[in-house]
$ cat entry04.cif   # mmCIF, C-alpha atoms
data_structure
#
loop_
_atom_site.label_atom_id
_atom_site.label_comp_id
_atom_site.auth_asym_id
_atom_site.auth_seq_id
_atom_site.Cartn_x
_atom_site.Cartn_y
_atom_site.Cartn_z
CA MET A 1 61.50 101.03 78.03
CA SER A 2 58.07 102.06 79.20
CA GLU A 3 58.27 101.61 82.93
CA ILE A 4 60.28 104.15 84.91
CA LYS A 5 61.43 103.08 88.33
CA LYS A 6 63.03 105.04 91.13
CA PHE A 7 66.61 103.86 91.60
CA LEU A 8 68.60 104.90 94.66
CA TYR A 9 72.32 104.23 94.88
CA VAL A 10 73.39 104.29 98.51
CA ASN A 11 77.05 105.11 99.08
CA ARG A 12 78.24 104.23 102.57
CA LYS A 13 81.97 103.69 102.16
CA ALA A 14 84.97 106.01 101.92
CA PRO A 15 86.13 106.64 98.35
CA TYR A 16 89.48 104.88 98.71
CA GLY A 17 90.60 101.90 100.76
CA THR A 18 88.03 99.64 99.15
CA ILE A 19 86.63 99.49 95.62
CA TYR A 20 82.96 99.89 96.57
CA ALA A 21 82.69 103.60 95.81
CA LEU A 22 84.36 103.34 92.41
CA GLU A 23 82.32 100.33 91.34
CA SER A 24 79.16 102.03 92.59
CA LEU A 25 79.92 104.98 90.34
CA GLU A 26 80.40 102.59 87.42
CA VAL A 27 76.88 101.26 87.99
CA VAL A 28 75.48 104.80 88.14
CA LEU A 29 77.13 105.67 84.83
CA ILE A 30 75.79 102.58 83.07
CA GLY A 31 72.39 102.97 84.73
CA ALA A 32 72.10 106.52 83.45
CA ALA A 33 71.57 105.11 79.95
CA PHE A 34 68.36 103.41 81.06
CA ASP A 35 66.30 106.57 81.58
CA GLN A 36 65.21 105.73 85.10
CA ASP A 37 64.55 108.15 87.98
CA VAL A 38 67.97 108.09 89.64
CA SER A 39 69.04 109.42 93.04
CA LEU A 40 72.28 109.03 94.96
CA ALA A 41 72.54 108.89 98.74
CA PHE A 42 75.71 109.53 100.71
CA LEU A 43 75.87 108.51 104.32
CA ASP A 44 78.30 107.13 106.90
CA ASP A 45 81.84 107.32 105.43
CA GLY A 46 80.23 107.66 102.00
CA VAL A 47 80.11 111.43 102.57
CA PHE A 48 83.90 111.49 102.10
CA GLN A 49 83.33 110.60 98.43
CA LEU A 50 82.14 114.15 97.78
CA LEU A 51 84.96 116.03 99.51
CA LYS A 52 86.70 118.84 97.67
CA LYS A 53 90.34 118.64 96.65
CA GLN A 54 90.81 114.91 96.72
CA ASP A 55 94.39 113.98 95.91
CA THR A 56 95.25 110.32 95.49
CA ALA A 57 98.77 110.70 94.10
CA GLY A 58 100.30 109.33 97.28
CA ILE A 59 98.38 106.07 97.20
CA GLY A 60 98.69 105.30 93.52
CA VAL A 61 95.00 104.94 92.74
CA LYS A 62 92.80 106.94 90.40
CA ASN A 63 91.02 109.99 91.79
CA PHE A 64 87.54 109.46 90.41
CA SER A 65 85.85 112.33 92.22
CA PRO A 66 85.67 114.57 89.10
CA THR A 67 83.26 112.05 87.61
CA PHE A 68 80.60 113.08 90.13
CA ARG A 69 80.59 116.54 88.62
CA ALA A 70 79.86 115.11 85.18
CA LEU A 71 76.79 113.17 86.29
CA GLY A 72 74.50 116.16 85.74
CA ASP A 73 75.06 115.70 82.01
CA TYR A 74 73.57 112.21 82.39
CA ASP A 75 70.47 113.51 84.19
CA VAL A 76 71.76 112.31 87.55
CA THR A 77 70.98 115.41 89.55
CA LYS A 78 69.84 114.30 93.00
CA PHE A 79 72.66 113.80 95.50
CA TYR A 80 71.23 113.37 98.99
CA VAL A 81 73.85 113.81 101.72
CA GLU A 82 73.00 112.97 105.31
CA GLN A 83 73.62 115.84 107.70
CA GLU A 84 74.31 113.60 110.70
CA SER A 85 77.01 111.70 108.81
CA LEU A 86 78.70 115.00 107.95
CA THR A 87 78.50 116.29 111.52
CA GLU A 88 79.79 113.03 113.02
CA ARG A 89 82.89 113.40 110.85
CA GLY A 90 83.48 117.09 111.56
CA LEU A 91 82.37 118.09 108.07
CA THR A 92 79.95 120.67 106.72
CA ALA A 93 78.36 121.15 103.31
CA ASP A 94 81.13 123.66 102.55
CA ASP A 95 83.65 120.81 102.53
CA LEU A 96 81.85 119.17 99.60
CA MET A 97 82.48 119.69 95.89
CA ASP A 98 80.34 122.12 93.95
CA ILE A 99 78.23 119.76 91.88
CA THR A 100 75.62 121.34 89.64
CA TYR A 101 73.28 120.54 86.80
CA GLU A 102 71.44 122.54 84.19
CA ASP A 103 67.69 122.38 84.82
CA GLU A 104 66.12 121.91 81.41
CA ASP A 105 62.68 122.64 82.88
CA ASP A 106 63.86 126.02 84.16
CA ASP A 107 65.61 127.64 81.20
CA TYR A 108 68.75 125.55 81.82
CA GLU A 109 69.48 127.40 85.04
CA GLU A 110 72.44 125.97 86.88
CA LYS A 111 71.37 124.39 90.16
CA PRO A 112 73.13 122.51 92.95
CA SER A 113 72.84 118.71 92.79
CA ILE A 114 73.77 118.20 96.44
CA ARG A 115 70.91 118.34 98.91
CA VAL A 116 71.78 117.92 102.58
CA VAL A 117 69.00 116.08 104.41
CA ASN A 118 68.65 114.80 107.93
CA ARG A 119 68.42 111.15 108.93
CA ASP A 120 64.63 111.10 109.04
CA GLU A 121 64.41 112.66 105.60
CA MET A 122 66.92 110.13 104.29
CA ALA A 123 64.79 107.31 105.64
CA ALA A 124 61.76 108.75 103.85
CA ILE A 125 63.74 109.07 100.60
CA MET A 126 64.79 105.42 100.87
CA GLY A 127 61.24 104.38 101.59
CA ASP A 128 60.07 106.10 98.44
CA GLN A 129 62.28 104.04 96.09
CA ASP A 130 61.56 101.05 93.88
CA VAL A 131 65.13 99.80 93.72
CA VAL A 132 67.83 100.46 96.32
CA LEU A 133 71.41 99.42 95.57
CA SER A 134 73.73 99.75 98.51
CA PHE A 135 77.50 100.03 98.19
CA MET B 1 57.00 87.45 93.36
CA LYS B 2 59.94 87.98 91.03
CA PHE B 3 63.27 88.50 92.81
CA GLY B 4 66.47 89.91 91.38
CA ILE B 5 69.56 88.96 93.37
CA VAL B 6 72.89 90.76 93.70
CA VAL B 7 75.90 89.01 95.24
CA SER B 8 78.58 91.56 96.05
CA GLU B 9 81.11 89.78 98.26
CA GLY B 10 83.56 87.02 97.45
CA PRO B 11 83.07 83.33 98.22
CA TYR B 12 84.53 81.76 101.40
CA THR B 13 85.81 85.12 102.67
CA HIS B 14 82.26 86.29 103.23
CA GLN B 15 78.88 84.75 103.98
CA ALA B 16 77.07 86.76 101.29
CA SER B 17 77.19 84.22 98.44
CA ASP B 18 76.08 81.43 100.81
CA THR B 19 73.19 83.44 102.21
CA ALA B 20 72.11 84.46 98.72
CA TYR B 21 72.19 80.79 97.68
CA HIS B 22 70.01 79.73 100.60
CA PHE B 23 67.65 82.64 100.00
CA VAL B 24 67.22 81.75 96.33
CA LYS B 25 66.58 78.10 97.17
CA ALA B 26 63.99 79.08 99.77
CA ALA B 27 62.33 81.62 97.47
CA LEU B 28 62.03 79.09 94.66
CA ALA B 29 60.69 76.46 97.06
CA ALA B 30 58.03 78.97 98.15
CA GLY B 31 56.91 79.42 94.56
CA HIS B 32 58.69 82.70 93.78
CA GLU B 33 60.71 83.36 90.64
CA VAL B 34 64.40 84.21 90.46
CA PRO B 35 65.22 84.92 86.83
CA ARG B 36 68.71 86.28 87.37
CA VAL B 37 71.54 86.54 89.88
CA PHE B 38 74.11 89.28 89.28
CA PHE B 39 77.61 88.87 90.71
CA TYR B 40 79.47 92.12 91.39
CA HIS B 41 82.54 93.36 93.26
CA ASP B 42 84.41 90.31 94.63
CA GLY B 43 81.21 88.33 94.12
CA VAL B 44 82.44 87.63 90.58
CA ASN B 45 84.92 85.16 92.08
CA VAL B 46 82.04 82.77 92.75
CA GLY B 47 82.10 82.03 89.02
CA THR B 48 85.60 80.58 88.65
CA ARG B 49 85.71 76.86 87.97
CA LEU B 50 89.27 76.68 89.28
CA SER B 51 88.51 76.98 92.98
CA ILE B 52 89.21 73.84 94.98
CA PRO B 53 87.72 74.06 98.46
CA PRO B 54 88.57 71.25 100.92
CA GLN B 55 86.41 68.19 100.35
CA ASP B 56 84.54 68.52 103.63
CA GLU B 57 83.47 72.09 102.77
CA ARG B 58 80.67 73.24 100.53
CA ASN B 59 81.62 74.08 96.96
CA ILE B 60 80.03 77.46 96.39
CA GLN B 61 80.55 77.56 92.63
CA LYS B 62 79.17 74.06 92.10
CA ASN B 63 76.17 74.84 94.30
CA TRP B 64 75.34 77.85 92.16
CA THR B 65 75.93 76.04 88.89
CA ALA B 66 73.60 73.22 89.96
CA LEU B 67 70.91 75.57 91.24
CA GLY B 68 71.13 77.70 88.13
CA GLN B 69 70.79 74.75 85.81
CA GLU B 70 67.99 73.15 87.76
CA HIS B 71 65.87 76.31 87.76
CA GLY B 72 67.07 78.09 84.64
CA ILE B 73 68.58 81.01 86.53
CA ASP B 74 70.68 83.45 84.54
CA LEU B 75 73.96 83.68 86.50
CA VAL B 76 75.63 86.87 85.31
CA ILE B 77 79.15 87.97 86.19
CA CYS B 78 79.86 91.68 85.71
CA ILE B 79 82.44 92.10 83.00
CA ALA B 80 84.09 95.22 84.42
CA ALA B 81 84.47 93.67 87.86
CA ALA B 82 85.53 90.34 86.33
CA GLN B 83 88.27 91.81 84.17
CA ARG B 84 89.87 93.52 87.18
CA ARG B 85 89.85 90.25 89.08
CA GLY B 86 90.91 87.82 86.38
CA LEU B 87 87.60 86.14 85.55
CA LEU B 88 87.42 85.33 81.84
CA ASP B 89 85.31 83.30 79.47
CA GLU B 90 86.64 81.94 76.21
CA ASN B 91 85.65 84.97 74.15
CA GLU B 92 87.18 87.46 76.57
CA ALA B 93 90.37 85.43 76.91
CA SER B 94 90.84 85.45 73.18
CA ARG B 95 89.82 89.08 72.80
CA GLN B 96 92.27 90.16 75.51
CA GLY B 97 95.07 87.90 74.35
CA LYS B 98 95.07 85.78 77.51
CA ASP B 99 96.19 82.16 77.51
CA ALA B 100 93.37 80.74 79.62
CA ASN B 101 89.82 81.17 80.76
CA ASN B 102 88.25 80.12 84.02
CA ILE B 103 84.51 80.77 83.99
CA ALA B 104 82.40 77.96 85.41
CA GLU B 105 79.56 76.18 83.66
CA GLY B 106 76.22 77.92 84.01
CA PHE B 107 77.71 81.40 84.44
CA ARG B 108 78.05 84.04 81.77
CA ILE B 109 79.93 87.33 81.63
CA SER B 110 77.99 90.45 80.69
CA GLY B 111 77.67 94.13 81.41
CA LEU B 112 76.28 96.23 84.24
CA GLY B 113 73.23 96.90 82.09
CA GLN B 114 72.08 93.43 83.10
CA LEU B 115 71.97 94.63 86.71
CA ILE B 116 69.90 97.69 85.89
CA GLU B 117 67.60 95.66 83.67
CA MET B 118 67.11 93.18 86.51
CA GLY B 119 66.11 96.05 88.79
CA ILE B 120 63.56 97.21 86.25
CA GLN B 121 62.11 93.80 85.46
CA THR B 122 61.80 92.26 88.92
CA ASP B 123 59.49 93.10 91.81
CA ARG B 124 62.25 93.15 94.43
CA LEU B 125 65.96 93.54 94.14
CA MET B 126 67.90 91.98 97.02
CA THR B 127 71.59 92.65 97.63
CA PHE B 128 73.69 90.16 99.56
CA GLY B 129 76.86 91.93 100.57
CA ASP B 130 78.61 93.79 103.32
#

$ encode --input "entry04.cif" --output "structure tokens"
Amino acid sequence: MSEIKKFLYVNRKAPYGTIYALESLEVVLIGAAFDQDVSLAFLDDGVFQLLKKQDTAGIGVKNFSPTFRALGDYDVTKFYVEQESLTERGLTADDLMDITYEDEDDDYEEKPSIRVVNRDEMAAIMGDQDVVLSF
Amino acid sequence: MKFGIVVSEGPYTHQASDTAYHFVKAALAAGHEVPRVFFYHDGVNVGTRLSIPPQDERNIQKNWTALGQEHGIDLVICIAAAQRRGLLDENEASRQGKDANNIAEGFRISGLGQLIEMGIQTDRLMTFGD
């Protein structure tokens, strides 16, 4: 496929309680095969998707959070997390999983995938996209 | 302009599939193209032929089937979302050992790649959801 577009997957919902987050991740995984320029955005309750130490045993649904850590292997390396959404929920970047990727342009150095941005920066990131899919 | 459409909420429960339908009609009437509509999440339920809304209500599935056939729109139901929710075509029913299928005329079941491809091939991708 010759044309490369910028795809942004916007995650706005908590990881459990509804299926949106899981089915968003399924789109990201399939989309990774299409060699597009992919970014993920996490805002509103979507920031909960990246929390450390998720344990879903008590609610009988699959904990899919480890999958986020595998996305670097699929060249999905840009996770934009909105600072205001974290703050509004009493969270900081330290509460989020360590998600990294190996930068093939920099001697495969391991780098963080999560980039905390403020609301204005998030708006600019969204404005820069060709395709925005919101979940 | 070429529009790709995503419907991501279920029929009757939510306005999304109705609004998408009216948008597509209006876009086509204005001379735009809508090559494909992709049904995801509970939106896949639009594509069952077994729904029976009261006679004085709109029939969302039949509206889509008619619009799709009239304008040659590819109405795609996501297979992963459909399997969770019990939407099957004949092939899937037989492959999965199920005793029935329920997909409506004019719809087809396919993979999420169709959604990504639609994003690549259209000028604008519009999501109708929550």

$ resolve_selection --input "entry04.cif" --expression "the PyMOL selection byres ((chain B and resi 23-37) around 8)" --output "count of residues only"
20

$ closest_residue --input "entry04.cif" --among "A:Leu71, A:Leu91, A:Val132, A:Ile99" --to "Asn11 of chain A" --atoms "all atoms listed in the file"
A:Val132

$ closest_residue --input "entry04.cif" --among "B:Arg85, B:His41, B:Lys62, B:His71" --to "chain A" --atoms "all atoms listed in the file"
B:His41

$ resolve_selection --input "entry04.cif" --expression "the PyMOL selection byres ((chain A) within 7 of (chain B))" --output "list in words"
Lys5, Val27, Ile30, Gly31 and Val131 of chain A

$ residues_around --input "entry04.cif" --residues "Tyr20 of chain A" --least-positions-apart "5" --cutoff "8 Å" --atoms "all atoms listed in the file" --output "NGL selection string"
(:A and (13 or 15 or 135)) or (:B and (41))

$ write_last_selection --input "entry04.cif" --atoms "C-alpha atoms" --output "PDB file, keeping the file's coordinate frame"
ATOM      1  CA  LYS A  13      81.970 103.690 102.160  1.00  0.00           C
ATOM      2  CA  PRO A  15      86.130 106.640  98.350  1.00  0.00           C
ATOM      3  CA  PHE A 135      77.500 100.030  98.190  1.00  0.00           C
TER       4      PHE A 135
ATOM      5  CA  HIS B  41      82.540  93.360  93.260  1.00  0.00           C
TER       6      HIS B  41
END

$ residues_around --input "entry04.cif" --residues "Tyr108 of chain A" --least-positions-apart "6" --cutoff "12 Å" --atoms "all atoms listed in the file" --output "PDB file with C-alpha atoms, in the coordinates of the input"
ATOM      1  CA  GLY A  72      74.500 116.160  85.740  1.00  0.00           C
ATOM      2  CA  ASP A  73      75.060 115.700  82.010  1.00  0.00           C
ATOM      3  CA  THR A 100      75.620 121.340  89.640  1.00  0.00           C
ATOM      4  CA  TYR A 101      73.280 120.540  86.800  1.00  0.00           C
ATOM      5  CA  GLU A 102      71.440 122.540  84.190  1.00  0.00           C
TER       6      GLU A 102
END

$ closest_residue --input "entry04.cif" --among "A:Leu86, A:Val76, A:Val117, A:Ala14" --to "Ala33 of chain A" --atoms "all atoms listed in the file"
A:Val76

$ resolve_selection --input "entry04.cif" --expression "the PyMOL selection byres ((chain A and resi 42) around 7)" --output "list in words"
Val10, Asn11, Arg12, Leu40, Ala41, Leu43, Gly46, Val47, Tyr80, Val81 and Glu82 of chain A

$ atom_distance --input "entry04.cif" --atom1 "atom CA of Glu109 of chain A" --atom2 "atom CA of Ala70 of chain A"
16.1 Å

$ atom_distance --input "entry04.cif" --atom1 "atom CA of Leu51 of chain A" --atom2 "atom CA of Gly127 of chain A"
26.5 Å

$ atom_distance --input "entry04.cif" --atom1 "atom CA of Pro112 of chain A" --atom2 "atom CA of Pro66 of chain A"
15.3 Å

$ closest_residue --input "entry04.cif" --among "A:Ser85, A:Thr92, A:Gln54, A:Gln36" --to "Gln129 of chain A" --atoms "all atoms listed in the file"
A:Gln36

$ residues_around --input "entry04.cif" --residues "Thr65 of chain B" --least-positions-apart "6" --cutoff "10 Å" --atoms "all atoms listed in the file" --output "PyMOL selection string"
chain B and resi 46-47+49+73+75+104-107

$ closest_residue --input "entry04.cif" --among "A:Glu104, A:Ser39, A:Thr56, A:Thr77" --to "Met122 of chain A" --atoms "all atoms listed in the file"
A:Ser39

$ residues_around --input "entry04.cif" --residues "Asn102 of chain B" --least-positions-apart "2" --cutoff "8 Å" --atoms "only C-alpha atoms" --output "ChimeraX atom specification"
/B:48-50,87-89,100,104

$ closest_residue --input "entry04.cif" --among "A:Lys78, A:Arg69, A:Lys52, A:Lys6" --to "Arg115 of chain A" --atoms "all atoms listed in the file"
A:Lys78
